[in-house]
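Following: one structure in structure tokens, then a few remarks.
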Protein chains: 2
Amino acid sequence: MLGRTRRLALLAEGRFTPLDAKTAVGVLRYRPAEVAAVIDSTRAGARAQDLVGAGGETPVVADLDAAAARGADALLVGVAPQGGELPPAWRATVLDALGRGWDVFSGLHAFLADDPELAERARATGALLIDVRRPPARRPIAARRAAGVDALVVLTVGSDCNVGKMTAALETQAELGRRGVRASFVATGQTGILIAGGGVAVDAVPSDFVAGLTEELVIEAAQDADVVLVEGQGSLLHPGYSGVTLGLLHGACPAALVLCHQAGRERIRRPGAGDPGDGEPAFPPLADLARLYEQAAAWVHPAAVVGVALNTMGLEEVDARAAVAGARAATGLAATDPVRFGAGPLADAIERRAAERRTRAAHA
Amino acid sequence: MLGRTRRLALLAEGRFTPLDAKTAVGVLRYRPAEVAAVIDSTRAGARAQDLVGAGGETPVVADLDAAAARGADALLVGVAPQGGELPPAWRATVLDALGRGWDVFSGLHAFLADDPELAERARATGALLIDVRRPPARRPIAARRAAGVDALVVLTVGSDCNVGKMTAALETQAELGRRGVRASFVATGQTGILIAGGGVAVDAVPSDFVAGLTEELVIEAAQDADVVLVEGQGSLLHPGYSGVTLGLLHGACPAALVLCHQAGRERIRRPGAGDPGDGEPAFPPLADLARLYEQAAAWVHPAAVVGVALNTMGLEEVDARAAVAGARAATGLAATDPVRFGAGPLADAIERRAAERRTRAAHA
């Protein structure tokens, strides 16, 4: 991960659940061989798979000593608390890890390497403090350049945060790879960066440069790929994050969109773990949401929604299948839960789109 | 300005024109008593008014010595070069100013106070380095809270950057003030901050917090006002800046929008001085652009465009009047060039809107 293979302890103290420990769950799903243990003293003794549906036999342990006994040699702050600061209770754990010479990865908005106490401890033992959300120093302004790449650019968009945009992109990339299609993944958030080993956390970038840095990432990823899958962020409907979403959309200039949604979620979840969003307006129907994204894309570069990725976490299989069928009927588009039922329908739709694009290019 | 009254030298070397020296022109128009001179050696000897249509007798001079002779005791970097860095040629001027003990204001993305050489020079003489674009350390996430204020929130939006959104807001605030309406101004860009003495440059804020900081500014500004005029940024049609625009729109939750446009500008001006935007698509008609903004606002909170502010800079008066009449006819809304013909029609429309709002509130 980000340089060399490590054995990570994932710090998710008190919050190792599918919705609260998004970063930990993502790393467990896509980099399981690099995880030694999850730290959550309130759930110690459990198996990751049983709690979050990923990670197999990876044990949940109480503290650093127990993680070390499982072979951990690095620490990842695996949850993102409201406000982006390191919770005071975790500071001791991070200091302890650095004292052992463990590298510490963090996706917090508050950069650990800028904390004098943590930086001093890291210097003393030679450990690295790696803030994956720290933006690059470059300041590019987007100018629709990503629209010019030969590859088909696909962006995952969604009804809300945390509905499966990164997962849909990664599962579709893997499925296309199995089919022999050269598909690259552009990480735009801290979890994606940890999984992919590169990318930019656009939510931490000064807002003027979100689109410009996205444009750079897409152009680079298109050099060796026929399909570029860009990890989406936030939602155009989200009162807090919509600007991040639009900057990403207009910087990436996708030709195709995959619309992501969690089955049963009816409204924006407000910041704060488990908030049901009472009082928020209901989402529009999926077909209207697809049109909304297409309209917003077209302000800069036209894009078409080609499929729906439905997160059916927590539903019984029969209900999950019904939800997917319902999404397909409501939109007339390919639909699947890419984790549960595979990304095949999305890969099919993207391959069709890429073929149409090649045909058009050949006749142009 | 930002604390105490100073006599500024505005550094606009080689670029003291209405479009390139936006910050300098804004300060000249709204804080003329605080400007001693403009520095542009290529235009030394001219009068500000003759070059940029603001600033009256303020002289354009060749260098710091000449500005000092006119009474300057502080320096403002009055243009924002592409990329946001201090041009090497200006470093000597900034060092010279700091060496004289002058405070230096900057709206660059590259913060002068973080530059070791400049910071050391400032320390040596006790001068201040004031980076007006530096974002606050707070990390609020917006949640539609600004929709709850009693004041009427009005946001200026536009077809492009640099069409007059700040000016429309300031002129309308002044006109409402003359009518006895308590109207406050929320600065969201470096020039507005210099003029208002506060605010946040949202384009430099990590994108996650643009809407949240805007929400805070609006709620604060609404405490002592019946109308809050929020300075808009960018354009939803701009490939580089649209995310900033949407974050601001969804954070401010305005009920009313003023649509700003420069008469005769047909497409986005790309970054770089004087770029005509060849190859960019044409703007939609003003009425369509108004609907586009209303749709995007409604994703989070509904807003109505209540008027058009047309920048007719460079047009003969007869053509300017025709352009304003054309905008009025095309949209069915109040229209004016607030600098040239006064903000009366916009103030009228806003007063009507505020009265309707009070009536509805009284019946609710």
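A note on labels: chains of the structure tokens are A, B, ... as shown, every chain counts residues from 1, and ligands are counted from 1 in their shown order.
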
Can I get the residues of chain B within 7 Å of chain A, each with the closest pair of atoms and their distance in Å to one decimal, using only C-alpha atoms, sorted chain first then ascending number, as a tab-separated table?
```
residue	atom	partner	partner_atom	distance
B:Gly83	CA	A:Arg139	CA	5.8
B:Arg139	CA	A:Gly83	CA	5.7
B:Pro140	CA	A:Gly83	CA	6.9
B:Ile141	CA	A:Gly240	CA	5.3
B:Ala142	CA	A:Gly240	CA	4.3
B:Ala143	CA	A:Pro239	CA	5.4
B:Arg144	CA	A:Pro239	CA	5.9
B:Asp203	CA	A:Asp208	CA	4.9
B:Ala204	CA	A:Pro206	CA	4.6
B:Val205	CA	A:Pro206	CA	4.9
B:Pro206	CA	A:Pro206	CA	4.2
B:Ser207	CA	A:Ser207	CA	4.5
B:Asp208	CA	A:Asp203	CA	4.9
B:Ala211	CA	A:Gly240	CA	5.6
B:Gly212	CA	A:Gly240	CA	6.3
B:Leu237	CA	A:Trp299	CA	5.3
B:Pro239	CA	A:Ala143	CA	5.4
B:Gly240	CA	A:Ala142	CA	4.3
B:Tyr241	CA	A:Asp208	CA	5.7
B:Ser242	CA	A:Gly247	CA	6.0
B:Gly243	CA	A:Gly243	CA	4.1
B:Val244	CA	A:Ser207	CA	5.7
B:Leu246	CA	A:Gly243	CA	4.9
B:Gly247	CA	A:Gly243	CA	4.1
B:His250	CA	A:Pro239	CA	5.6
B:Gly251	CA	A:Pro239	CA	6.6
B:Trp299	CA	A:Leu237	CA	5.3
B:Val300	CA	A:Pro239	CA	5.9
```

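For region 198-277 of chain A, backbone-based DSSP assignment of strand (DSSP E) covers Val227, Val228, Leu229, Val230, Ala256, Leu257, Val258, Leu259, Cys260, His261 and Gln262 of chain A.
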
So that I can see what lies close to Leu257 (chain B), please list as a PyMOL selection string the residues with an atom at most 9 Å from it, counting only C-alpha atoms and leaving out residues fewer than 6 positions away in the same chain. chain B and resi 153-157+290+293-294+303-308

Residues as selected, N, CA, C and O atoms, written as a tab-separated table (two decimals), in the first residue's frame, can you do that?
```tsv
chain	number	residue	atom	x	y	z
B	153	VAL	N	-32.37	36.25	1.67
B	153	VAL	CA	-31.01	36.02	1.19
B	153	VAL	C	-31.00	36.09	-0.34
B	153	VAL	O	-31.80	35.41	-1.00
B	154	VAL	N	-30.11	36.93	-0.86
B	154	VAL	CA	-30.00	37.15	-2.31
B	154	VAL	C	-28.58	36.81	-2.73
B	154	VAL	O	-27.62	37.33	-2.16
B	155	LEU	N	-28.44	35.94	-3.71
B	155	LEU	CA	-27.12	35.58	-4.22
B	155	LEU	C	-26.99	36.09	-5.65
B	155	LEU	O	-27.91	35.93	-6.46
B	156	THR	N	-25.84	36.68	-5.97
B	156	THR	CA	-25.59	37.05	-7.36
B	156	THR	C	-24.92	35.86	-8.06
B	156	THR	O	-24.00	35.25	-7.53
B	157	VAL	N	-25.45	35.51	-9.21
B	157	VAL	CA	-24.93	34.39	-9.99
B	157	VAL	C	-24.64	34.92	-11.40
B	157	VAL	O	-25.06	36.02	-11.75
B	290	ALA	N	-31.27	31.62	-16.46
B	290	ALA	CA	-31.98	31.86	-15.20
B	290	ALA	C	-32.67	30.57	-14.73
B	290	ALA	O	-32.60	30.20	-13.55
B	293	TYR	N	-30.15	28.09	-13.22
B	293	TYR	CA	-29.78	28.39	-11.84
B	293	TYR	C	-30.91	28.04	-10.88
B	293	TYR	O	-30.69	27.56	-9.77
B	294	GLU	N	-32.14	28.30	-11.29
B	294	GLU	CA	-33.27	27.97	-10.42
B	294	GLU	C	-33.38	26.47	-10.20
B	294	GLU	O	-33.66	26.00	-9.10
B	303	ALA	N	-35.11	28.78	-5.24
B	303	ALA	CA	-34.77	30.19	-5.40
B	303	ALA	C	-35.33	30.67	-6.72
B	303	ALA	O	-35.46	29.89	-7.66
B	304	ALA	N	-35.63	31.97	-6.79
B	304	ALA	CA	-36.13	32.55	-8.03
B	304	ALA	C	-35.21	33.68	-8.46
B	304	ALA	O	-34.79	34.50	-7.63
B	305	VAL	N	-34.89	33.72	-9.74
B	305	VAL	CA	-34.15	34.87	-10.27
B	305	VAL	C	-35.10	36.06	-10.29
B	305	VAL	O	-36.20	35.97	-10.85
B	306	VAL	N	-34.69	37.17	-9.66
B	306	VAL	CA	-35.57	38.33	-9.56
B	306	VAL	C	-35.12	39.49	-10.43
B	306	VAL	O	-35.84	40.47	-10.59
B	307	GLY	N	-33.91	39.40	-10.99
B	307	GLY	CA	-33.45	40.51	-11.82
B	307	GLY	C	-32.15	40.16	-12.51
B	307	GLY	O	-31.50	39.16	-12.20
B	308	VAL	N	-31.80	41.02	-13.46
B	308	VAL	CA	-30.58	40.84	-14.25
B	308	VAL	C	-29.69	42.06	-14.05
B	308	VAL	O	-30.14	43.20	-14.20
```

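Close contacts of region 333-340 of chain A, defined as residues with an atom at most 6 Å away when counting only C-alpha atoms, with chain neighbours fewer than 5 positions off set aside, comprise Gly307, Val308, Ala309, Leu310, Asn311, Val324, Arg328 and Pro345 of chain A.
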
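Excluding region 78-80 of chain A and any residue on its chain fewer than 2 positions from it, the residues at most 6 Å away by only C-alpha atoms are A:Leu10, A:Leu11, A:Ala12, A:Ala21, A:Thr23, A:Ala24, A:Leu76, A:Leu108.
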
Deliver the residues from the most recent selection as a file, using N, CA and C atoms, as a PDB file, in the first residue's frame.
```pdb
ATOM      1  N   LEU A  10      -6.271  -1.606  11.543  1.00  0.00           N
ATOM      2  CA  LEU A  10      -7.256  -0.582  11.176  1.00  0.00           C
ATOM      3  C   LEU A  10      -7.921  -0.050  12.441  1.00  0.00           C
ATOM      4  N   LEU A  11      -7.673   1.212  12.745  1.00  0.00           N
ATOM      5  CA  LEU A  11      -8.260   1.791  13.954  1.00  0.00           C
ATOM      6  C   LEU A  11      -9.695   2.236  13.672  1.00  0.00           C
ATOM      7  N   ALA A  12     -10.655   1.577  14.321  1.00  0.00           N
ATOM      8  CA  ALA A  12     -12.074   1.902  14.109  1.00  0.00           C
ATOM      9  C   ALA A  12     -12.798   1.867  15.450  1.00  0.00           C
ATOM     10  N   ALA A  21     -17.520   2.895   9.381  1.00  0.00           N
ATOM     11  CA  ALA A  21     -16.107   2.602   9.160  1.00  0.00           C
ATOM     12  C   ALA A  21     -15.858   2.346   7.681  1.00  0.00           C
ATOM     13  N   THR A  23     -13.857   3.615   5.437  1.00  0.00           N
ATOM     14  CA  THR A  23     -12.474   3.416   4.974  1.00  0.00           C
ATOM     15  C   THR A  23     -11.980   2.027   5.371  1.00  0.00           C
ATOM     16  N   ALA A  24     -12.212   1.635   6.621  1.00  0.00           N
ATOM     17  CA  ALA A  24     -11.782   0.316   7.073  1.00  0.00           C
ATOM     18  C   ALA A  24     -12.434  -0.782   6.233  1.00  0.00           C
ATOM     19  N   LEU A  76      -3.716   2.310  10.389  1.00  0.00           N
ATOM     20  CA  LEU A  76      -4.553   3.139   9.517  1.00  0.00           C
ATOM     21  C   LEU A  76      -5.719   3.663  10.342  1.00  0.00           C
ATOM     22  N   LEU A 108      -7.909  11.719   7.575  1.00  0.00           N
ATOM     23  CA  LEU A 108      -8.591  12.831   8.233  1.00  0.00           C
ATOM     24  C   LEU A 108      -8.309  14.145   7.505  1.00  0.00           C
TER      25      LEU A 108
END
```

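In the superposition of chain B on chain A, with all Cα atoms paired by position, the RMSD stands at 0.0 Å.
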
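You will find CA of Gly55 (chain A) at 24.1 Å from CA of Arg321 (chain A).
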
Interatomic distance, CA of Arg47 (chain A) to CA of Leu8 (chain A) (Å, one decimal): 15.7 Å

Which neighbours of Gln190 (chain B) fall inside 8 Å, counting only C-alpha atoms, when residues of the same chain fewer than 5 positions from it are skipped, and could you give them as a ChimeraX atom specification? /B:23,107,132-133,200-201

Suppose we keep N, CA, C and O atoms; can you now write the selection as a PDB file, in the first residue's frame?
```
ATOM      1  N   THR B  23      -9.122  42.965  -8.718  1.00  0.00           N
ATOM      2  CA  THR B  23      -9.018  43.328  -7.302  1.00  0.00           C
ATOM      3  C   THR B  23      -8.690  44.803  -7.153  1.00  0.00           C
ATOM      4  O   THR B  23      -9.329  45.528  -6.371  1.00  0.00           O
ATOM      5  N   GLY B 107      -4.172  38.522  -2.260  1.00  0.00           N
ATOM      6  CA  GLY B 107      -5.285  37.622  -2.523  1.00  0.00           C
ATOM      7  C   GLY B 107      -4.845  36.419  -3.339  1.00  0.00           C
ATOM      8  O   GLY B 107      -5.677  35.720  -3.897  1.00  0.00           O
ATOM      9  N   VAL B 132      -5.562  37.350   2.334  1.00  0.00           N
ATOM     10  CA  VAL B 132      -7.013  37.412   2.526  1.00  0.00           C
ATOM     11  C   VAL B 132      -7.712  36.148   2.023  1.00  0.00           C
ATOM     12  O   VAL B 132      -8.868  35.913   2.344  1.00  0.00           O
ATOM     13  N   ARG B 133      -7.014  35.348   1.238  1.00  0.00           N
ATOM     14  CA  ARG B 133      -7.627  34.119   0.744  1.00  0.00           C
ATOM     15  C   ARG B 133      -7.446  32.944   1.707  1.00  0.00           C
ATOM     16  O   ARG B 133      -7.991  31.860   1.465  1.00  0.00           O
ATOM     17  N   VAL B 200     -15.026  35.161   3.539  1.00  0.00           N
ATOM     18  CA  VAL B 200     -14.208  33.978   3.266  1.00  0.00           C
ATOM     19  C   VAL B 200     -14.053  33.843   1.749  1.00  0.00           C
ATOM     20  O   VAL B 200     -15.044  33.926   1.019  1.00  0.00           O
ATOM     21  N   ALA B 201     -12.827  33.639   1.302  1.00  0.00           N
ATOM     22  CA  ALA B 201     -12.581  33.379  -0.123  1.00  0.00           C
ATOM     23  C   ALA B 201     -12.873  31.912  -0.378  1.00  0.00           C
ATOM     24  O   ALA B 201     -12.024  31.044  -0.187  1.00  0.00           O
TER      25      ALA B 201
END
```

Which residues are near Lys22 (chain A)? Cut-off 9 Å, only C-alpha atoms, ignore same chain within fewer than 2 positions. Put them as a VMD selection string. chain A and resid 16 to 20 24 to 27 78 to 80 162 191

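As for CA of Gln173 (chain B) and CA of Ala221 (chain B), they are spaced 12.6 Å apart.
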
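Within region 191-271 of chain A, the backbone-based DSSP assignment of alpha helix (DSSP H) covers A:Thr191, A:Gly192, A:Ile193, A:Leu194, A:Ile195, A:Ala196, A:Val210, A:Ala211, A:Gly212, A:Leu213, A:Thr214, A:Glu215, A:Glu216, A:Leu217, A:Val218, A:Ile219, A:Glu220, A:Ala221, A:Ser242, A:Gly243, A:Val244, A:Thr245, A:Leu246, A:Gly247, A:Leu248, A:Leu249, A:His250, A:Gly251, A:Ala252.
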